[in-house]
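Single-structure report; data block below.
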Protein chains: 2
Amino acid sequence: MENSKHPIGIVAADAPPKTKSSNYPEPFYSRMNKREKRPLGDLFNLTNYGVNLTRLAPEGVSALRHAHSRQDEFVYILQGEPTLVTNAGETMLRPGMCAGFKAGTGDGHHLINRSDAVAIYLEAGSRQPDDLTTCSDVDMMSANADGRFRRKDGTPYPQP
Amino acid sequence: MENSKHPIGIVAADAPPKTKSSNYPEPFYSRMNKREKRPLGDLFNLTNYGVNLTRLAPEGVSALRHAHSRQDEFVYILQGEPTLVTNAGETMLRPGMCAGFKAGTGDGHHLINRSDAVAIYLEAGSRQPDDLTTCSDVDMMSANADGRFRRKDGTPYPQP
């Protein structure tokens with residue numbers, strides 16, 4: 001039931017996790033050490049969007065709070081109670097809940113696991129080569145075009 | 001915690017279902033009457049891809065078996081044991097399993113619920129305006145450009 005290119009179907013939790021918890025430069029990289037992402041879409045050669053199974057240990061965060069210029073994002077909670085932070089404030093999510101983040105609104109979002117239990121969710125994001133990511137609460141932005149992280153005045157952070 | 005444009009987070013199962021079970025012409029429309037889709041991404045104004053919470057009653061099918069030219073698709077099983085059918089044959093999926101369908105391979109796919117229990121899954125699909133859908137087992141294809149269903153010789157089916 002396998003073909004030569006990719007599996008037919010997989011147990012998502014068995015997918016290999018990313019070896020590096022993020023591409024952020026320090027001091028932001030270390031903040032991601034309670035997050036683990038298992039890329040799922042890539043295993044099936046999908047390119048138009050990515051899908052990850054992501055696990056946040058207690059105190060883990062999904063990312064620095066950020067907004068995308070072109071990339072739509074979506075999350076669906078499978079386990080635990082992560083808190084969604086947007087410009088509107090904080091909203092606790094539960095299993096079976098979902099949220100979407102339309103590109104271009106400027107409203108930054110991320111999930112924080114403020115609970116004592118692991119949170120697990122699916123996340124999907126489209127892959128626009130001209131996307132710009134702007135962090136809401138720290139002085140950093142990045143462009144898909146070159147993958148570099150910069151201060152908002154354009155000064156690059158050191159490459160990690 | 002709500003803004004004027006869309007909700008912050010929702011219970012996916014509370015999202016309103018599509019009122020029409022499919023856009024297929026007969027005799028294919030009637031085959032979709034055990035499928036119910038709740039669009040999720042649309043509720044958050046996402047446009048780059050769609051995400052649905054889809055429910056298949058016993059004997060329900062996700063779609064006619066088909067392949068896309070440009071649209072990547074992904075499913076994650078939340079409940080039940082739908083059977084995935086591809087050119088490789090049949091694979092039973094279980095909760096926590098996922099599968100992806102890369103555009104352009106020509107390998108048609110769909111899910112059939114051969115069990116006695118409801119199956120529920122998340123499905124995501126990118127939205128290329130130039131996508132062509134080709135059915136694997138029946139004489140039908142369609143183009144996103146005009147939304148019309150045609151026989152493979154180009155003859156349009158009657159508009160439903």
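Simple scheme: letters A, B, ... for chains in structure tokens order, numbers from 1 for residues in each chain, numbers from 1 for ligands in the order shown.
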
Practice problem: Could you give me, as a PyMOL selection string, the residues within 7 Å of B:Leu111, counting only C-alpha atoms and dropping anything in the same chain fewer than 6 positions from it? | Solution: chain B and resi 61-62+82-85

Practice problem: Tell me which protein, DNA and RNA residues are within 8 Å of B:Ala103, counting only C-alpha atoms, leaving out same-chain ones fewer than 5 positions away, and put them as an NGL selection string. | Solution: (:A and (46)) or (:B and (67-73))

Take the residues from that selection and put them in a file with C-alpha atoms, as a PDB file, in the first residue's frame.
ATOM      1  CA  LEU A  46       2.621  19.249  -0.488  1.00  0.00           C
TER       2      LEU A  46
ATOM      3  CA  ALA B  67      -7.149  14.236  -8.895  1.00  0.00           C
ATOM      4  CA  HIS B  68      -6.287  17.945  -8.984  1.00  0.00           C
ATOM      5  CA  SER B  69      -3.860  19.586 -11.368  1.00  0.00           C
ATOM      6  CA  ARG B  70      -2.816  22.396  -9.010  1.00  0.00           C
ATOM      7  CA  GLN B  71      -4.614  22.025  -5.684  1.00  0.00           C
ATOM      8  CA  ASP B  72      -2.826  20.247  -2.831  1.00  0.00           C
ATOM      9  CA  GLU B  73      -5.166  18.490  -0.416  1.00  0.00           C
TER      10      GLU B  73
END

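Within 7 Å of chain A, and using only C-alpha atoms, the residues found on chain B are B:Met1, B:Ile8, B:Gly9, B:Ile10, B:Val11, B:Ala12, B:Gly41, B:Phe44, B:Asn45, B:Leu46, B:Asn48, B:Asp72, B:Ala88, B:Gly89, B:Gly96, B:Met97, B:Cys98, B:Ala99, B:Gly100, B:Phe101, B:Lys102, B:Ser126.
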
Output file for the selection above: all heavy atoms, as a short mmCIF file (atom, residue, chain, number, x, y, z; two decimals), in the first residue's frame:
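Saved file result.cif follows:
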data_model
loop_
_atom_site.label_atom_id
_atom_site.label_comp_id
_atom_site.auth_asym_id
_atom_site.auth_seq_id
_atom_site.Cartn_x
_atom_site.Cartn_y
_atom_site.Cartn_z
N MET B 1 -14.40 39.90 23.43
CA MET B 1 -13.32 39.19 22.74
C MET B 1 -13.63 39.00 21.25
O MET B 1 -12.98 38.23 20.57
CB MET B 1 -13.08 37.83 23.40
CG MET B 1 -12.64 37.90 24.84
SD MET B 1 -11.14 38.85 25.10
CE MET B 1 -9.94 37.72 24.37
N ILE B 8 -12.87 35.24 17.15
CA ILE B 8 -11.49 34.95 17.59
C ILE B 8 -11.21 33.46 17.48
O ILE B 8 -10.21 33.04 16.91
CB ILE B 8 -11.29 35.42 19.05
CG1 ILE B 8 -11.53 36.93 19.18
CG2 ILE B 8 -9.90 35.04 19.56
CD1 ILE B 8 -10.50 37.78 18.49
N GLY B 9 -12.07 32.68 18.05
CA GLY B 9 -11.94 31.23 17.99
C GLY B 9 -13.32 30.62 18.07
O GLY B 9 -14.20 31.21 18.71
N ILE B 10 -13.53 29.48 17.42
CA ILE B 10 -14.86 28.87 17.43
C ILE B 10 -14.75 27.37 17.72
O ILE B 10 -13.70 26.76 17.51
CB ILE B 10 -15.60 29.04 16.09
CG1 ILE B 10 -14.84 28.32 14.97
CG2 ILE B 10 -15.82 30.51 15.76
CD1 ILE B 10 -15.68 28.08 13.75
N VAL B 11 -15.84 26.80 18.18
CA VAL B 11 -15.97 25.34 18.27
C VAL B 11 -16.30 24.87 16.85
O VAL B 11 -17.35 25.23 16.30
CB VAL B 11 -17.06 24.94 19.27
CG1 VAL B 11 -17.27 23.44 19.26
CG2 VAL B 11 -16.70 25.44 20.67
N ALA B 12 -15.40 24.10 16.28
CA ALA B 12 -15.55 23.74 14.86
C ALA B 12 -16.89 23.05 14.59
O ALA B 12 -17.54 23.32 13.57
CB ALA B 12 -14.39 22.86 14.42
N GLY B 41 -12.27 27.70 7.48
CA GLY B 41 -11.37 28.79 7.09
C GLY B 41 -12.13 30.02 6.61
O GLY B 41 -11.75 31.16 6.91
N PHE B 44 -13.03 32.75 8.98
CA PHE B 44 -11.97 33.67 9.40
C PHE B 44 -11.44 34.47 8.21
O PHE B 44 -10.35 35.04 8.27
CB PHE B 44 -10.85 32.88 10.07
CG PHE B 44 -11.29 32.12 11.29
CD1 PHE B 44 -11.64 30.78 11.22
CD2 PHE B 44 -11.41 32.77 12.52
CE1 PHE B 44 -12.07 30.09 12.34
CE2 PHE B 44 -11.84 32.09 13.65
CZ PHE B 44 -12.17 30.74 13.57
N ASN B 45 -12.19 34.44 7.12
CA ASN B 45 -11.84 35.19 5.90
C ASN B 45 -10.58 34.67 5.21
O ASN B 45 -9.98 35.40 4.41
CB ASN B 45 -11.66 36.69 6.20
CG ASN B 45 -12.90 37.31 6.80
OD1 ASN B 45 -14.02 36.94 6.44
ND2 ASN B 45 -12.72 38.24 7.73
N LEU B 46 -10.20 33.44 5.50
CA LEU B 46 -9.02 32.89 4.81
C LEU B 46 -9.38 32.65 3.34
O LEU B 46 -10.48 32.21 3.02
CB LEU B 46 -8.57 31.57 5.44
CG LEU B 46 -8.28 31.59 6.94
CD1 LEU B 46 -7.58 30.29 7.35
CD2 LEU B 46 -7.49 32.80 7.38
N ASN B 48 -6.44 31.80 0.88
CA ASN B 48 -5.40 31.06 0.17
C ASN B 48 -5.66 29.55 0.14
O ASN B 48 -5.15 28.85 -0.72
CB ASN B 48 -4.03 31.30 0.80
CG ASN B 48 -3.59 32.74 0.63
OD1 ASN B 48 -3.92 33.39 -0.36
ND2 ASN B 48 -2.85 33.26 1.59
N ASP B 72 -3.26 21.24 -3.82
CA ASP B 72 -2.83 20.25 -2.83
C ASP B 72 -3.95 20.03 -1.81
O ASP B 72 -4.58 20.99 -1.36
CB ASP B 72 -1.59 20.75 -2.08
CG ASP B 72 -0.31 20.71 -2.90
OD1 ASP B 72 -0.29 20.08 -3.97
OD2 ASP B 72 0.67 21.32 -2.44
N ALA B 88 -3.27 3.09 -5.44
CA ALA B 88 -2.57 2.00 -4.75
C ALA B 88 -3.54 1.03 -4.10
O ALA B 88 -3.13 0.00 -3.57
CB ALA B 88 -1.64 2.57 -3.69
N GLY B 89 -4.83 1.36 -4.07
CA GLY B 89 -5.80 0.49 -3.44
C GLY B 89 -6.46 1.16 -2.26
O GLY B 89 -6.64 2.38 -2.25
N GLY B 96 -6.29 10.40 14.30
CA GLY B 96 -4.88 10.72 14.48
C GLY B 96 -4.05 10.45 13.25
O GLY B 96 -2.87 10.79 13.22
N MET B 97 -4.66 9.83 12.23
CA MET B 97 -3.93 9.61 10.97
C MET B 97 -4.21 10.75 10.00
O MET B 97 -5.22 11.44 10.08
CB MET B 97 -4.31 8.27 10.34
CG MET B 97 -3.81 7.07 11.13
SD MET B 97 -4.11 5.49 10.30
CE MET B 97 -2.90 5.53 8.97
N CYS B 98 -3.29 10.95 9.10
CA CYS B 98 -3.45 11.99 8.08
C CYS B 98 -2.95 11.48 6.75
O CYS B 98 -2.24 10.48 6.67
CB CYS B 98 -2.72 13.26 8.50
SG CYS B 98 -0.93 13.07 8.66
N ALA B 99 -3.35 12.18 5.70
CA ALA B 99 -2.90 11.85 4.35
C ALA B 99 -2.89 13.13 3.53
O ALA B 99 -3.67 14.05 3.80
CB ALA B 99 -3.81 10.80 3.71
N GLY B 100 -2.01 13.18 2.56
CA GLY B 100 -1.92 14.35 1.70
C GLY B 100 -1.92 13.93 0.25
O GLY B 100 -1.48 12.82 -0.09
N PHE B 101 -2.45 14.81 -0.59
CA PHE B 101 -2.64 14.50 -2.00
C PHE B 101 -2.04 15.63 -2.83
O PHE B 101 -2.65 16.70 -2.99
CB PHE B 101 -4.13 14.31 -2.30
CG PHE B 101 -4.79 13.42 -1.28
CD1 PHE B 101 -5.67 13.94 -0.33
CD2 PHE B 101 -4.47 12.07 -1.22
CE1 PHE B 101 -6.23 13.12 0.64
CE2 PHE B 101 -5.02 11.25 -0.25
CZ PHE B 101 -5.91 11.77 0.68
N LYS B 102 -0.84 15.39 -3.30
CA LYS B 102 -0.10 16.39 -4.05
C LYS B 102 -0.74 16.60 -5.42
O LYS B 102 -1.08 15.64 -6.11
CB LYS B 102 1.35 15.89 -4.22
CG LYS B 102 2.24 16.77 -5.07
CD LYS B 102 2.45 18.11 -4.42
CE LYS B 102 3.06 19.13 -5.37
NZ LYS B 102 2.72 20.51 -4.94
N SER B 126 -5.76 23.89 -1.15
CA SER B 126 -5.35 25.20 -1.66
C SER B 126 -6.31 25.61 -2.78
O SER B 126 -7.07 24.79 -3.29
CB SER B 126 -3.90 25.16 -2.14
OG SER B 126 -3.70 24.13 -3.07
#

Quiz prompt | Those in stretch 10-94 of chain B with strand (DSSP E) from DSSP, as a PyMOL selection string | solution = chain B and resi 10-11+35-39+49-56+66-68+73-79+83-86+89-92

Mind writing the picked residues with C-alpha atoms as a PDB file, in the first residue's frame?
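What ended up in part-v4.pdb:
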ATOM      1  CA  ILE B  10     -14.859  28.870  17.434  1.00  0.00           C
ATOM      2  CA  VAL B  11     -15.966  25.344  18.271  1.00  0.00           C
ATOM      3  CA  ARG B  35     -21.502  13.952   3.455  1.00  0.00           C
ATOM      4  CA  GLU B  36     -21.755  17.177   5.437  1.00  0.00           C
ATOM      5  CA  LYS B  37     -19.135  19.925   5.240  1.00  0.00           C
ATOM      6  CA  ARG B  38     -18.657  22.767   7.701  1.00  0.00           C
ATOM      7  CA  PRO B  39     -16.393  25.420   6.182  1.00  0.00           C
ATOM      8  CA  TYR B  49      -6.824  27.685   1.162  1.00  0.00           C
ATOM      9  CA  GLY B  50     -10.027  26.228   2.469  1.00  0.00           C
ATOM     10  CA  VAL B  51     -10.446  24.125   5.615  1.00  0.00           C
ATOM     11  CA  ASN B  52     -13.588  22.113   6.284  1.00  0.00           C
ATOM     12  CA  LEU B  53     -14.790  19.897   9.105  1.00  0.00           C
ATOM     13  CA  THR B  54     -16.405  17.065   7.178  1.00  0.00           C
ATOM     14  CA  ARG B  55     -18.692  14.322   8.457  1.00  0.00           C
ATOM     15  CA  LEU B  56     -19.366  11.106   6.586  1.00  0.00           C
ATOM     16  CA  HIS B  66     -10.532  12.632  -8.317  1.00  0.00           C
ATOM     17  CA  ALA B  67      -7.149  14.236  -8.895  1.00  0.00           C
ATOM     18  CA  HIS B  68      -6.287  17.945  -8.984  1.00  0.00           C
ATOM     19  CA  GLU B  73      -5.166  18.490  -0.416  1.00  0.00           C
ATOM     20  CA  PHE B  74      -4.703  17.183   3.119  1.00  0.00           C
ATOM     21  CA  VAL B  75      -6.943  15.275   5.538  1.00  0.00           C
ATOM     22  CA  TYR B  76      -6.619  14.570   9.273  1.00  0.00           C
ATOM     23  CA  ILE B  77      -8.967  12.018  10.818  1.00  0.00           C
ATOM     24  CA  LEU B  78     -10.689  13.112  14.037  1.00  0.00           C
ATOM     25  CA  GLN B  79     -13.237  10.335  14.504  1.00  0.00           C
ATOM     26  CA  THR B  83     -11.175   4.153   3.976  1.00  0.00           C
ATOM     27  CA  LEU B  84      -8.851   6.048   1.653  1.00  0.00           C
ATOM     28  CA  VAL B  85      -8.958   4.917  -1.960  1.00  0.00           C
ATOM     29  CA  THR B  86      -6.092   5.791  -4.316  1.00  0.00           C
ATOM     30  CA  GLY B  89      -5.802   0.486  -3.440  1.00  0.00           C
ATOM     31  CA  GLU B  90      -7.580   0.889  -0.112  1.00  0.00           C
ATOM     32  CA  THR B  91      -6.142   2.010   3.230  1.00  0.00           C
ATOM     33  CA  MET B  92      -8.218   2.272   6.379  1.00  0.00           C
TER      34      MET B  92
END

Quiz prompt | Those of stretch 2-154 of chain B in DSSP helix (DSSP H, G or I), formatted as a ChimeraX atom specification | solution = /B:12-14,29-32,41-44

Would you write out those residues with all heavy atoms, as an mmCIF file, in the first residue's frame?
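Final output, saved to again.cif:
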data_model
loop_
_atom_site.group_PDB
_atom_site.id
_atom_site.type_symbol
_atom_site.label_atom_id
_atom_site.label_comp_id
_atom_site.auth_asym_id
_atom_site.auth_seq_id
_atom_site.Cartn_x
_atom_site.Cartn_y
_atom_site.Cartn_z
ATOM 1 N N ALA B 12 -15.399 24.099 16.282
ATOM 2 C CA ALA B 12 -15.554 23.741 14.861
ATOM 3 C C ALA B 12 -16.894 23.050 14.592
ATOM 4 O O ALA B 12 -17.544 23.318 13.575
ATOM 5 C CB ALA B 12 -14.388 22.857 14.418
ATOM 6 N N ALA B 13 -17.315 22.184 15.501
ATOM 7 C CA ALA B 13 -18.562 21.432 15.288
ATOM 8 C C ALA B 13 -19.795 22.332 15.327
ATOM 9 O O ALA B 13 -20.882 21.925 14.897
ATOM 10 C CB ALA B 13 -18.690 20.327 16.338
ATOM 11 N N ASP B 14 -19.629 23.561 15.840
ATOM 12 C CA ASP B 14 -20.743 24.517 15.854
ATOM 13 C C ASP B 14 -20.801 25.367 14.587
ATOM 14 O O ASP B 14 -21.731 26.167 14.422
ATOM 15 C CB ASP B 14 -20.607 25.471 17.054
ATOM 16 C CG ASP B 14 -20.846 24.775 18.375
ATOM 17 O OD1 ASP B 14 -21.371 23.640 18.367
ATOM 18 O OD2 ASP B 14 -20.505 25.366 19.421
ATOM 19 N N TYR B 29 -24.600 14.072 -7.836
ATOM 20 C CA TYR B 29 -25.047 14.865 -6.683
ATOM 21 C C TYR B 29 -25.630 13.973 -5.587
ATOM 22 O O TYR B 29 -25.297 14.118 -4.399
ATOM 23 C CB TYR B 29 -26.078 15.904 -7.134
ATOM 24 C CG TYR B 29 -26.651 16.733 -6.016
ATOM 25 C CD1 TYR B 29 -25.965 17.843 -5.518
ATOM 26 C CD2 TYR B 29 -27.888 16.408 -5.442
ATOM 27 C CE1 TYR B 29 -26.480 18.607 -4.484
ATOM 28 C CE2 TYR B 29 -28.413 17.166 -4.407
ATOM 29 C CZ TYR B 29 -27.706 18.260 -3.931
ATOM 30 O OH TYR B 29 -28.218 19.010 -2.904
ATOM 31 N N SER B 30 -26.470 13.046 -5.987
ATOM 32 C CA SER B 30 -27.165 12.201 -4.997
ATOM 33 C C SER B 30 -26.213 11.305 -4.225
ATOM 34 O O SER B 30 -26.525 10.870 -3.113
ATOM 35 C CB SER B 30 -28.219 11.333 -5.684
ATOM 36 O OG SER B 30 -29.193 12.160 -6.283
ATOM 37 N N ARG B 31 -25.050 11.042 -4.815
ATOM 38 C CA ARG B 31 -24.086 10.177 -4.121
ATOM 39 C C ARG B 31 -23.432 10.883 -2.931
ATOM 40 O O ARG B 31 -22.752 10.242 -2.128
ATOM 41 C CB ARG B 31 -22.972 9.737 -5.082
ATOM 42 C CG ARG B 31 -23.475 8.909 -6.256
ATOM 43 C CD ARG B 31 -22.282 8.363 -7.020
ATOM 44 N NE ARG B 31 -22.680 7.839 -8.321
ATOM 45 C CZ ARG B 31 -21.835 7.390 -9.236
ATOM 46 N NH1 ARG B 31 -20.524 7.395 -8.979
ATOM 47 N NH2 ARG B 31 -22.256 6.928 -10.379
ATOM 48 N N MET B 32 -23.608 12.193 -2.842
ATOM 49 C CA MET B 32 -22.950 12.980 -1.794
ATOM 50 C C MET B 32 -23.861 13.246 -0.604
ATOM 51 O O MET B 32 -23.533 14.034 0.277
ATOM 52 C CB MET B 32 -22.477 14.322 -2.364
ATOM 53 C CG MET B 32 -21.450 14.184 -3.470
ATOM 54 S SD MET B 32 -19.921 13.351 -2.926
ATOM 55 C CE MET B 32 -19.856 12.014 -4.136
ATOM 56 N N GLY B 41 -12.265 27.701 7.482
ATOM 57 C CA GLY B 41 -11.369 28.793 7.086
ATOM 58 C C GLY B 41 -12.132 30.018 6.614
ATOM 59 O O GLY B 41 -11.746 31.157 6.907
ATOM 60 N N ASP B 42 -13.227 29.788 5.899
ATOM 61 C CA ASP B 42 -14.028 30.909 5.383
ATOM 62 C C ASP B 42 -14.534 31.803 6.519
ATOM 63 O O ASP B 42 -14.706 33.009 6.335
ATOM 64 C CB ASP B 42 -15.233 30.392 4.594
ATOM 65 C CG ASP B 42 -14.843 29.697 3.295
ATOM 66 O OD1 ASP B 42 -13.650 29.739 2.917
ATOM 67 O OD2 ASP B 42 -15.740 29.089 2.680
ATOM 68 N N LEU B 43 -14.790 31.207 7.675
ATOM 69 C CA LEU B 43 -15.322 31.994 8.801
ATOM 70 C C LEU B 43 -14.308 33.020 9.301
ATOM 71 O O LEU B 43 -14.682 33.992 9.958
ATOM 72 C CB LEU B 43 -15.703 31.067 9.961
ATOM 73 C CG LEU B 43 -16.791 30.040 9.648
ATOM 74 C CD1 LEU B 43 -17.053 29.188 10.885
ATOM 75 C CD2 LEU B 43 -18.071 30.720 9.190
ATOM 76 N N PHE B 44 -13.032 32.750 8.977
ATOM 77 C CA PHE B 44 -11.967 33.674 9.401
ATOM 78 C C PHE B 44 -11.435 34.471 8.205
ATOM 79 O O PHE B 44 -10.346 35.040 8.275
ATOM 80 C CB PHE B 44 -10.846 32.879 10.070
ATOM 81 C CG PHE B 44 -11.293 32.123 11.293
ATOM 82 C CD1 PHE B 44 -11.641 30.784 11.223
ATOM 83 C CD2 PHE B 44 -11.407 32.772 12.519
ATOM 84 C CE1 PHE B 44 -12.072 30.088 12.345
ATOM 85 C CE2 PHE B 44 -11.837 32.087 13.650
ATOM 86 C CZ PHE B 44 -12.167 30.743 13.567
#

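Atom CA of A:Pro17 is positioned 25.5 Å from atom CA of B:Ile120.
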
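Distance check against B:Asp116 using only C-alpha atoms: of B:Gly80, B:Pro156, B:Pro27, B:Pro129, the minimum falls on B:Gly80.
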
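Note that atom CA of A:Thr155 and atom CA of A:Ser136 are 17.2 Å apart.
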
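Residues surrounding B:Gly154 within 10 Å are Met140, Met141, Ser142, Phe149, Arg150, Arg151 and Tyr157 of chain B [only C-alpha atoms; sequence separation below 3 positions excluded].
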
Export of prior selection with C-alpha atoms as a PDB file, in the first residue's frame:
ATOM      1  CA  MET B 140     -16.392  14.075 -15.492  1.00  0.00           C
ATOM      2  CA  MET B 141     -13.942  16.904 -14.997  1.00  0.00           C
ATOM      3  CA  SER B 142     -14.243  20.513 -13.905  1.00  0.00           C
ATOM      4  CA  PHE B 149     -18.696  20.141 -14.877  1.00  0.00           C
ATOM      5  CA  ARG B 150     -17.900  18.547 -18.233  1.00  0.00           C
ATOM      6  CA  ARG B 151     -17.423  15.117 -19.735  1.00  0.00           C
ATOM      7  CA  TYR B 157     -23.202  18.529 -18.023  1.00  0.00           C
TER       8      TYR B 157
END

Quiz item: Between atom CA of B:Ser22 and atom CA of B:Ala63, what is the spacing in Å?
Solution: 8.6 Å
